[in-house]
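Printed here is entry_17.txt (compact mmCIF, C-alpha atoms and all ligand atoms):
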# COMPACT_ATOMS: atom_id res chain seq x y z
CA MET A 1 37.84 -1.55 12.20
CA ALA A 2 40.16 -2.12 9.25
CA GLY A 3 39.04 -0.23 6.19
CA TYR A 4 37.72 2.80 8.03
CA PRO A 5 39.75 5.97 7.35
CA LYS A 6 41.82 7.19 10.28
CA GLY A 7 40.29 10.07 12.21
CA SER A 8 36.85 9.47 10.77
CA ALA A 9 33.83 9.43 13.03
CA ARG A 10 33.32 5.84 11.94
CA LEU A 11 36.35 4.79 13.96
CA ALA A 12 34.08 4.88 16.99
CA ARG A 13 31.69 2.36 15.42
CA MET A 14 31.56 -1.17 16.69
CA THR A 15 31.51 -4.16 14.41
CA ILE A 16 28.46 -6.40 14.52
CA SER A 17 29.13 -10.05 15.05
CA ILE A 18 26.63 -12.89 15.27
CA HIS A 19 27.20 -16.36 16.61
CA GLN A 20 24.70 -19.20 16.56
CA ILE A 21 23.63 -20.39 20.04
CA HIS A 22 21.33 -23.31 19.13
CA PRO A 23 22.04 -26.34 16.91
CA VAL A 24 19.59 -25.27 14.17
CA PHE A 25 18.94 -21.52 14.52
CA VAL A 26 19.17 -18.39 16.75
CA GLY A 27 22.05 -15.92 16.64
CA GLU A 28 23.42 -13.87 19.52
CA VAL A 29 24.46 -10.42 18.36
CA SER A 30 27.28 -8.36 19.81
CA GLY A 31 28.95 -5.10 18.84
CA ILE A 32 25.84 -2.97 18.43
CA ASP A 33 24.00 -0.34 20.45
CA ILE A 34 20.49 -0.33 19.04
CA ALA A 35 19.63 2.95 20.76
CA ARG A 36 21.84 4.68 18.17
CA PRO A 37 21.10 5.20 14.48
CA LEU A 38 22.20 2.29 12.29
CA SER A 39 24.39 2.53 9.22
CA PRO A 40 23.18 0.80 6.05
CA GLU A 41 25.91 -1.80 6.69
CA ASP A 42 24.50 -2.49 10.16
CA VAL A 43 20.99 -2.94 8.74
CA ALA A 44 22.28 -5.27 6.03
CA ALA A 45 24.23 -7.34 8.59
CA ILE A 46 21.17 -7.72 10.81
CA GLU A 47 18.88 -8.59 7.87
CA ALA A 48 21.37 -11.21 6.72
CA GLY A 49 21.52 -12.56 10.28
CA MET A 50 17.73 -12.77 10.37
CA ASP A 51 17.58 -14.58 7.03
CA ARG A 52 20.08 -17.14 8.32
CA HIS A 53 19.24 -17.54 12.03
CA ALA A 54 15.58 -16.34 12.06
CA VAL A 55 15.90 -15.29 15.73
CA LEU A 56 18.47 -12.75 16.95
CA VAL A 57 19.21 -12.04 20.62
CA PHE A 58 20.66 -8.68 21.72
CA HIS A 59 21.71 -8.30 25.38
CA ASP A 60 22.07 -5.15 27.50
CA GLN A 61 19.99 -2.87 25.31
CA LYS A 62 18.43 -0.23 27.55
CA ILE A 63 16.08 1.51 25.16
CA THR A 64 13.08 3.81 25.15
CA ASP A 65 9.90 3.13 23.17
CA GLU A 66 11.03 5.75 20.63
CA GLN A 67 14.41 4.05 20.19
CA GLN A 68 12.75 0.65 19.81
CA MET A 69 10.41 1.99 17.14
CA ALA A 70 13.27 3.74 15.30
CA PHE A 71 15.39 0.55 15.32
CA SER A 72 12.43 -1.52 14.11
CA GLU A 73 11.66 0.88 11.26
CA SER A 74 15.12 0.14 9.85
CA PHE A 75 13.61 -3.13 8.63
CA GLY A 76 10.31 -1.88 7.23
CA ALA A 77 7.16 -0.01 8.20
CA LEU A 78 5.63 -0.72 11.59
CA GLU A 79 2.45 -2.76 11.52
CA ASP A 80 -0.81 -1.04 12.39
CA ALA A 81 -1.78 -2.78 15.63
CA ARG A 82 -5.51 -2.17 15.25
CA GLY A 83 -7.70 -5.24 15.15
CA GLY A 84 -5.17 -7.38 17.01
CA ASN A 85 -6.57 -7.29 20.54
CA ILE A 86 -9.57 -6.41 22.68
CA THR A 87 -7.99 -3.57 24.68
CA LYS A 88 -10.02 -0.38 24.30
CA PRO A 89 -8.05 2.65 23.06
CA GLU A 90 -8.66 4.50 26.34
CA ASP A 91 -7.15 1.59 28.30
CA LYS A 92 -3.90 1.46 26.33
CA ARG A 93 -0.72 1.90 28.38
CA LEU A 94 1.77 2.38 25.52
CA PRO A 95 1.98 4.82 22.59
CA THR A 96 0.76 3.96 19.08
CA GLY A 97 3.33 1.73 17.41
CA MET A 98 4.05 -0.28 20.57
CA ASN A 99 2.31 -3.61 21.35
CA ASP A 100 1.83 -4.15 25.05
CA VAL A 101 2.79 -7.73 25.94
CA SER A 102 2.89 -7.01 29.67
CA ASN A 103 0.46 -8.10 32.38
CA LEU A 104 -0.07 -4.45 33.38
CA GLY A 105 -2.96 -2.02 33.18
CA ARG A 106 -2.78 1.73 32.68
CA ASP A 107 -2.14 2.14 36.41
CA GLY A 108 1.05 0.07 36.05
CA GLN A 109 -0.35 -2.70 38.26
CA PRO A 110 -0.87 -6.34 37.25
CA LEU A 111 -4.31 -6.93 35.72
CA SER A 112 -6.86 -8.67 37.90
CA ARG A 113 -7.41 -12.40 37.54
CA GLU A 114 -10.82 -11.87 35.91
CA SER A 115 -9.60 -9.14 33.54
CA ARG A 116 -10.82 -10.01 30.05
CA VAL A 117 -7.69 -8.44 28.57
CA ARG A 118 -5.53 -10.71 30.76
CA LEU A 119 -7.52 -13.79 29.74
CA PHE A 120 -7.30 -12.82 26.06
CA ASN A 121 -3.54 -12.27 26.37
CA LEU A 122 -3.08 -15.78 27.77
CA GLY A 123 -3.41 -16.80 24.12
CA ASN A 124 0.22 -15.69 23.74
CA MET A 125 1.12 -18.86 25.63
CA LEU A 126 -0.08 -20.95 22.68
CA TRP A 127 2.35 -21.58 19.82
CA HIS A 128 1.74 -18.90 17.20
CA SER A 129 3.15 -16.62 14.58
CA ASP A 130 2.40 -12.95 15.25
CA SER A 131 -0.38 -11.47 13.14
CA SER A 132 -1.03 -14.66 11.17
CA PHE A 133 -4.67 -13.55 11.63
CA ARG A 134 -4.02 -10.57 9.33
CA ALA A 135 -4.44 -10.77 5.57
CA ILE A 136 -0.88 -9.46 5.25
CA PRO A 137 0.89 -11.05 8.20
CA ALA A 138 3.90 -9.65 10.07
CA LYS A 139 7.52 -9.83 8.95
CA TYR A 140 9.54 -9.31 12.15
CA SER A 141 8.63 -8.93 15.82
CA LEU A 142 10.99 -7.26 18.30
CA LEU A 143 10.43 -7.82 22.00
CA SER A 144 12.17 -5.71 24.63
CA ALA A 145 12.39 -6.74 28.29
CA ARG A 146 11.74 -3.68 30.46
CA VAL A 147 10.75 -5.55 33.64
CA VAL A 148 11.53 -9.25 33.93
CA ASN A 149 9.20 -11.40 36.00
CA PRO A 150 11.06 -13.28 38.76
CA ILE A 151 9.38 -16.63 38.03
CA GLY A 152 8.89 -18.18 34.58
CA GLY A 153 7.93 -16.09 31.56
CA ASN A 154 10.43 -17.64 29.15
CA THR A 155 9.72 -17.24 25.46
CA GLU A 156 10.18 -20.32 23.29
CA PHE A 157 10.85 -20.32 19.55
CA ALA A 158 10.36 -23.17 17.10
CA ASP A 159 12.08 -23.30 13.71
CA MET A 160 9.45 -23.93 11.04
CA ARG A 161 12.12 -24.44 8.34
CA ALA A 162 13.66 -27.36 10.21
CA ALA A 163 10.14 -28.64 10.84
CA TYR A 164 9.34 -28.55 7.13
CA ASP A 165 12.66 -30.08 6.07
CA THR A 166 12.11 -33.11 8.31
CA LEU A 167 8.61 -33.99 7.07
CA ASP A 168 8.35 -37.14 5.00
CA ASP A 169 7.82 -36.72 1.27
CA ALA A 170 4.19 -37.89 1.33
CA THR A 171 3.29 -35.27 3.92
CA LYS A 172 5.16 -32.57 2.01
CA ALA A 173 3.16 -33.46 -1.10
CA GLN A 174 -0.12 -33.55 0.83
CA ILE A 175 0.28 -30.08 2.34
CA GLU A 176 2.11 -28.22 -0.45
CA ASP A 177 -0.91 -26.29 -1.73
CA LEU A 178 -3.12 -26.25 1.36
CA VAL A 179 -4.58 -22.96 2.58
CA CYS A 180 -5.53 -22.41 6.23
CA GLU A 181 -8.00 -20.07 7.85
CA HIS A 182 -6.58 -18.01 10.72
CA SER A 183 -8.45 -15.97 13.32
CA LEU A 184 -7.91 -14.76 16.88
CA MET A 185 -11.27 -16.43 17.56
CA TYR A 186 -9.72 -19.85 16.81
CA SER A 187 -6.75 -19.42 19.17
CA ARG A 188 -8.90 -17.95 21.96
CA GLY A 189 -11.69 -20.40 21.25
CA SER A 190 -9.26 -23.26 21.88
CA LEU A 191 -8.87 -21.83 25.42
CA GLY A 192 -12.62 -21.79 25.93
CA MET A 193 -12.93 -18.06 25.30
CA LEU A 194 -16.00 -17.89 23.10
CA ASP A 195 -17.82 -14.72 24.23
CA PHE A 196 -17.01 -12.30 21.43
CA SER A 197 -19.16 -9.29 20.61
CA ASP A 198 -20.49 -8.73 17.08
CA GLU A 199 -17.90 -5.99 16.68
CA GLU A 200 -15.08 -8.35 17.72
CA ARG A 201 -16.38 -11.10 15.45
CA ALA A 202 -16.24 -8.68 12.54
CA MET A 203 -12.74 -7.55 13.54
CA PHE A 204 -11.51 -11.15 13.90
CA ARG A 205 -12.96 -12.45 10.63
CA PRO A 206 -10.80 -15.37 9.43
CA VAL A 207 -8.12 -14.75 6.80
CA ARG A 208 -6.42 -17.23 4.50
CA GLN A 209 -2.74 -18.22 4.65
CA ARG A 210 -0.71 -20.83 2.80
CA LEU A 211 0.40 -23.72 4.99
CA VAL A 212 3.79 -23.91 3.26
CA ARG A 213 5.67 -20.66 2.80
CA THR A 214 8.82 -19.91 0.83
CA HIS A 215 11.19 -17.31 2.23
CA PRO A 216 11.55 -14.42 -0.23
CA VAL A 217 15.34 -14.14 0.21
CA THR A 218 16.67 -17.61 1.01
CA GLY A 219 14.05 -19.62 -0.90
CA ARG A 220 13.74 -22.01 2.07
CA LYS A 221 10.35 -23.52 2.69
CA SER A 222 8.72 -23.50 6.09
CA LEU A 223 5.52 -24.60 7.77
CA TYR A 224 3.26 -21.64 8.42
CA LEU A 225 1.55 -22.88 11.56
CA SER A 226 -0.08 -20.88 14.33
CA SER A 227 -2.70 -21.48 17.01
CA HIS A 228 -4.75 -18.92 15.07
CA ALA A 229 -5.15 -21.54 12.31
CA GLY A 230 -8.50 -23.24 12.87
CA GLY A 231 -9.43 -24.65 9.49
CA ILE A 232 -8.17 -25.70 6.08
CA VAL A 233 -10.00 -24.67 2.94
CA GLY A 234 -11.90 -27.60 1.41
CA MET A 235 -11.33 -29.93 4.39
CA PRO A 236 -13.83 -30.87 7.13
CA MET A 237 -12.88 -28.99 10.29
CA PRO A 238 -12.06 -31.94 12.57
CA GLU A 239 -9.83 -33.44 9.87
CA ALA A 240 -8.13 -30.08 9.39
CA ARG A 241 -7.57 -29.63 13.10
CA ILE A 242 -6.09 -33.10 13.52
CA LEU A 243 -3.66 -32.41 10.67
CA LEU A 244 -2.73 -29.02 12.17
CA LYS A 245 -2.24 -30.57 15.62
CA ASP A 246 -0.04 -33.34 14.19
CA LEU A 247 2.08 -30.85 12.24
CA THR A 248 2.38 -28.61 15.31
CA GLU A 249 3.45 -31.54 17.46
CA HIS A 250 6.12 -32.40 14.89
CA ALA A 251 7.25 -28.77 14.55
CA THR A 252 7.65 -28.11 18.26
CA GLN A 253 9.81 -31.09 19.18
CA PRO A 254 12.53 -29.99 21.64
CA LYS A 255 15.25 -30.33 18.98
CA PHE A 256 13.63 -27.52 16.97
CA VAL A 257 12.98 -25.26 20.00
CA TYR A 258 15.08 -22.52 21.59
CA VAL A 259 14.13 -21.39 25.11
CA HIS A 260 14.89 -17.75 25.81
CA ARG A 261 15.34 -16.91 29.52
CA TRP A 262 14.91 -13.16 29.72
CA ARG A 263 17.44 -10.79 31.27
CA LEU A 264 16.65 -7.14 31.87
CA GLY A 265 17.58 -5.18 28.75
CA ASP A 266 17.31 -8.12 26.33
CA LEU A 267 15.81 -7.49 22.93
CA VAL A 268 14.86 -10.51 20.84
CA MET A 269 13.92 -10.17 17.21
CA TRP A 270 12.35 -12.94 15.15
CA ASP A 271 11.06 -13.62 11.66
CA ASN A 272 7.38 -14.57 11.89
CA ARG A 273 7.52 -15.95 8.36
CA GLN A 274 9.71 -18.84 9.52
CA MET A 275 9.20 -19.15 13.29
CA MET A 276 6.52 -19.92 15.84
CA HIS A 277 6.85 -18.79 19.43
CA ARG A 278 5.01 -18.87 22.74
CA ALA A 279 5.36 -17.32 26.18
CA ARG A 280 5.40 -19.57 29.22
CA ARG A 281 3.50 -19.09 32.46
CA TYR A 282 4.87 -16.76 35.13
CA ASP A 283 3.92 -15.16 38.47
CA GLU A 284 1.08 -12.92 37.35
CA GLY A 285 0.91 -11.19 40.72
CA GLN A 286 4.19 -9.49 39.83
CA PRO A 287 4.94 -7.28 36.83
CA ARG A 288 6.28 -8.53 33.52
CA ASP A 289 6.78 -5.57 31.22
CA MET A 290 7.58 -6.72 27.71
CA ARG A 291 7.11 -4.32 24.80
CA ARG A 292 6.82 -5.40 21.19
CA THR A 293 7.24 -3.61 17.93
CA THR A 294 6.13 -5.35 14.77
CA VAL A 295 7.52 -4.85 11.28
CA ALA A 296 4.71 -5.26 8.77
CA GLY A 297 4.81 -7.84 6.02
CA THR A 298 4.55 -6.68 2.44
CA ALA A 299 2.44 -9.35 0.74
CA ALA A 300 -0.36 -11.82 1.37
CA THR A 301 0.62 -15.51 1.36
CA VAL A 302 -2.23 -16.55 -0.94
FE FE B 401 3.50 -13.39 19.87

As structure tokens - that is how I would like this structure written.
Ligand SMILES: [Fe+2]
Amino acid sequence: MAGYPKGSARLARMTISIHQIHPVFVGEVSGIDIARPLSPEDVAAIEAGMDRHAVLVFHDQKITDEQQMAFSESFGALEDARGGNITKPEDKRLPTGMNDVSNLGRDGQPLSRESRVRLFNLGNMLWHSDSSFRAIPAKYSLLSARVVNPIGGNTEFADMRAAYDTLDDATKAQIEDLVCEHSLMYSRGSLGMLDFSDEERAMFRPVRQRLVRTHPVTGRKSLYLSSHAGGIVGMPMPEARILLKDLTEHATQPKFVYVHRWRLGDLVMWDNRQMMHRARRYDEGQPRDMRRTTVAGTAATV
């Protein structure tokens, strides 16, 4: 608290501190209540933590949807969620601005086994980067645990900077200028989900993304992989998919992966420009209510 004038309202403020909890990335944040408005210093400290650690974990944050959206907007505009799923507007459980990553329908009950929305959402259990299927992909995602499933449901994160750094020089040279095609139809297609309507096919038209990205602040390079990537421009598809599978296998070695075991009230924030993540299986007969906000990116990668 040194430096704050005595008697000022700022005396009540906590000081943010971040300590790394994995050998290569991930910071655990303390000294902040994200339900309250942030000072510019708080925002700068969190942004700097994101640039360095790429995943930040906040515990014991009991927040409303409005508070989650307000916190997220400190880091940029929220992404327009349209075109990112097959849920019809009338079936949506959460307000505009919130992405529903639960297994629940509008009635608050777990979706049925045959539910097409449930089957589509199983794609979140493949390694991916959020919104890599959008022409301008996402910057940050923020996931809040409102109801934790009793069995499973961990989220895993893989550091795509460490993955890039540890490639051999020949591979780095081979992939430097490659451009991939990403679509929700590729990730879902890899699960055998192929029955898309004409309207969905139009909505899920592939977009192009560089395979190697450079972080705008740190200048670090990373692999921009995602299960949405299903082709590489100028390369026969099977050859492209073998290369993408090999790179993904390299990038998701245990030494580059952090496993987050959710506690009620956790909020985890990650940088999609330098991370992949996936959910793990859980007891789908019981609720898992996870709510995501997404901070939009500001530029295409190609
Ligand atoms: Fe995701």

Skipping near chain neighbours, those fewer than 3 positions away, what residues fall within 9 Å of Thr298 of chain A using only C-alpha atoms, listed as a PDB file with C-alpha atoms, keeping the file's coordinate frame?
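As a result, part01.pdb now contains:
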ATOM      1  CA  GLY A  76      10.310  -1.880   7.230  1.00  0.00           C
ATOM      2  CA  ILE A 136      -0.880  -9.460   5.250  1.00  0.00           C
ATOM      3  CA  PRO A 137       0.890 -11.050   8.200  1.00  0.00           C
ATOM      4  CA  ALA A 138       3.900  -9.650  10.070  1.00  0.00           C
ATOM      5  CA  LYS A 139       7.520  -9.830   8.950  1.00  0.00           C
TER       6      LYS A 139
END

| said: Taking all atoms listed in the file into account, list the residues no farther than 9 Å from ligand FE 401 (chain B), as a VMD selection string. | reply: chain A and resid 101 123 to 131 141 272 276 to 279 292

Based on the selection just made, write C-alpha atoms of those residues as a PDB file, in the coordinates of the input.
ATOM      1  CA  VAL A 101       2.790  -7.730  25.940  1.00  0.00           C
ATOM      2  CA  GLY A 123      -3.410 -16.800  24.120  1.00  0.00           C
ATOM      3  CA  ASN A 124       0.220 -15.690  23.740  1.00  0.00           C
ATOM      4  CA  MET A 125       1.120 -18.860  25.630  1.00  0.00           C
ATOM      5  CA  LEU A 126      -0.080 -20.950  22.680  1.00  0.00           C
ATOM      6  CA  TRP A 127       2.350 -21.580  19.820  1.00  0.00           C
ATOM      7  CA  HIS A 128       1.740 -18.900  17.200  1.00  0.00           C
ATOM      8  CA  SER A 129       3.150 -16.620  14.580  1.00  0.00           C
ATOM      9  CA  ASP A 130       2.400 -12.950  15.250  1.00  0.00           C
ATOM     10  CA  SER A 131      -0.380 -11.470  13.140  1.00  0.00           C
ATOM     11  CA  SER A 141       8.630  -8.930  15.820  1.00  0.00           C
ATOM     12  CA  ASN A 272       7.380 -14.570  11.890  1.00  0.00           C
ATOM     13  CA  MET A 276       6.520 -19.920  15.840  1.00  0.00           C
ATOM     14  CA  HIS A 277       6.850 -18.790  19.430  1.00  0.00           C
ATOM     15  CA  ARG A 278       5.010 -18.870  22.740  1.00  0.00           C
ATOM     16  CA  ALA A 279       5.360 -17.320  26.180  1.00  0.00           C
ATOM     17  CA  ARG A 292       6.820  -5.400  21.190  1.00  0.00           C
TER      18      ARG A 292
END

| Do you know which residues are at most 10 Å from Asp165 of chain A counting only C-alpha atoms, after dropping those on the same chain fewer than 3 positions away, and could you put them as a list in words? | Met160, Arg161, Ala162, Asp168, Asp169, Lys172, Arg220, Lys221, Ser222 and Leu223 of chain A

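Every protein or nucleic acid residue with an atom no more than 7 Å from segment 227-232 of chain A, counting all atoms listed in the file and leaving out same-chain residues fewer than 2 positions away, appears here: Leu126, Trp127, His128, Ser132, Phe133, Leu178, Val179, Cys180, Glu181, His182, Ser183, Leu184, Tyr186, Ser187, Leu225, Gly234, Met235, Met237, Ala240 and Arg241 of chain A.
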
| field | Residue nearest Val43 of chain A - candidates A:Ala81, A:Ile21, A:Ala251, A:Ile16, atoms counted: only C-alpha atoms | value | A:Ile16

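In terms of minimum interatomic distance to Ser74 of chain A, A:Glu41 ranks closest within A:Glu41, A:Asp100, A:Asp159, A:Asp60, counting all atoms listed in the file.
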
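With all atoms listed in the file as the atoms that count, the minimum distance from Ala54 of chain A to the choices A:Met185, A:Met269, A:Val257, A:Ala163 is reached by A:Met269.
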
Excluding segment 47-52 of chain A and residues on its chain fewer than 6 positions from it, collect all residues at most 10 Å away from it, counting all atoms listed in the file, and give them as a PDB file with C-alpha atoms, keeping the file's coordinate frame.
ATOM      1  CA  SER A  17      29.130 -10.050  15.050  1.00  0.00           C
ATOM      2  CA  ILE A  18      26.630 -12.890  15.270  1.00  0.00           C
ATOM      3  CA  HIS A  19      27.200 -16.360  16.610  1.00  0.00           C
ATOM      4  CA  GLN A  20      24.700 -19.200  16.560  1.00  0.00           C
ATOM      5  CA  PHE A  25      18.940 -21.520  14.520  1.00  0.00           C
ATOM      6  CA  VAL A  26      19.170 -18.390  16.750  1.00  0.00           C
ATOM      7  CA  GLY A  27      22.050 -15.920  16.640  1.00  0.00           C
ATOM      8  CA  GLU A  28      23.420 -13.870  19.520  1.00  0.00           C
ATOM      9  CA  VAL A  29      24.460 -10.420  18.360  1.00  0.00           C
ATOM     10  CA  GLU A  41      25.910  -1.800   6.690  1.00  0.00           C
ATOM     11  CA  SER A  74      15.120   0.140   9.850  1.00  0.00           C
ATOM     12  CA  PHE A  75      13.610  -3.130   8.630  1.00  0.00           C
ATOM     13  CA  TYR A 140       9.540  -9.310  12.150  1.00  0.00           C
ATOM     14  CA  HIS A 215      11.190 -17.310   2.230  1.00  0.00           C
ATOM     15  CA  PRO A 216      11.550 -14.420  -0.230  1.00  0.00           C
ATOM     16  CA  VAL A 217      15.340 -14.140   0.210  1.00  0.00           C
ATOM     17  CA  THR A 218      16.670 -17.610   1.010  1.00  0.00           C
ATOM     18  CA  ARG A 220      13.740 -22.010   2.070  1.00  0.00           C
ATOM     19  CA  MET A 269      13.920 -10.170  17.210  1.00  0.00           C
ATOM     20  CA  TRP A 270      12.350 -12.940  15.150  1.00  0.00           C
ATOM     21  CA  ASP A 271      11.060 -13.620  11.660  1.00  0.00           C
ATOM     22  CA  GLN A 274       9.710 -18.840   9.520  1.00  0.00           C
TER      23      GLN A 274
END

| field | Two-atom distance - atom CA of Ala158 of chain A, atom CA of Tyr258 of chain A (Å) | value | 6.5 Å

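The interatomic distance for the pair atom CA of Leu78 of chain A and atom CA of Glu66 of chain A works out to 12.4 Å.
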
| query | Which one is closest to Gly97 of chain A: A:Ile63, A:Ala296, A:Val55, A:Ala173? Count only C-alpha atoms. | reply |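 When distances to Gly97 of chain A are compared using only C-alpha atoms, the smallest one comes from A:Ala296.
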
| request: Write out as number ranges by chain each polymer residue whose atoms come within 10 Å of Val147 of chain A, counting all atoms listed in the file; drop sequence neighbours fewer than 4 positions from it. | output: A: 102, 262-265, 286-291

| task | Quick one: pull the distance between atom CA of Val295 of chain A and atom CA of Glu79 of chain A, Å, one decimal. | result |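 Distance between the two atoms: 5.5 Å.
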
| message | Just checking: using all atoms listed in the file, which residue out of A:Phe71, A:Phe58, A:Glu200, A:Arg208 ends up closest to Lys88 of chain A? | response |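 Smallest separation from Lys88 of chain A among the options: A:Glu200.
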
| Which is closer to Leu243 of chain A than all the others in A:Gln174, A:Phe204, A:Asp283, A:Arg273, using only C-alpha atoms? | A:Gln174
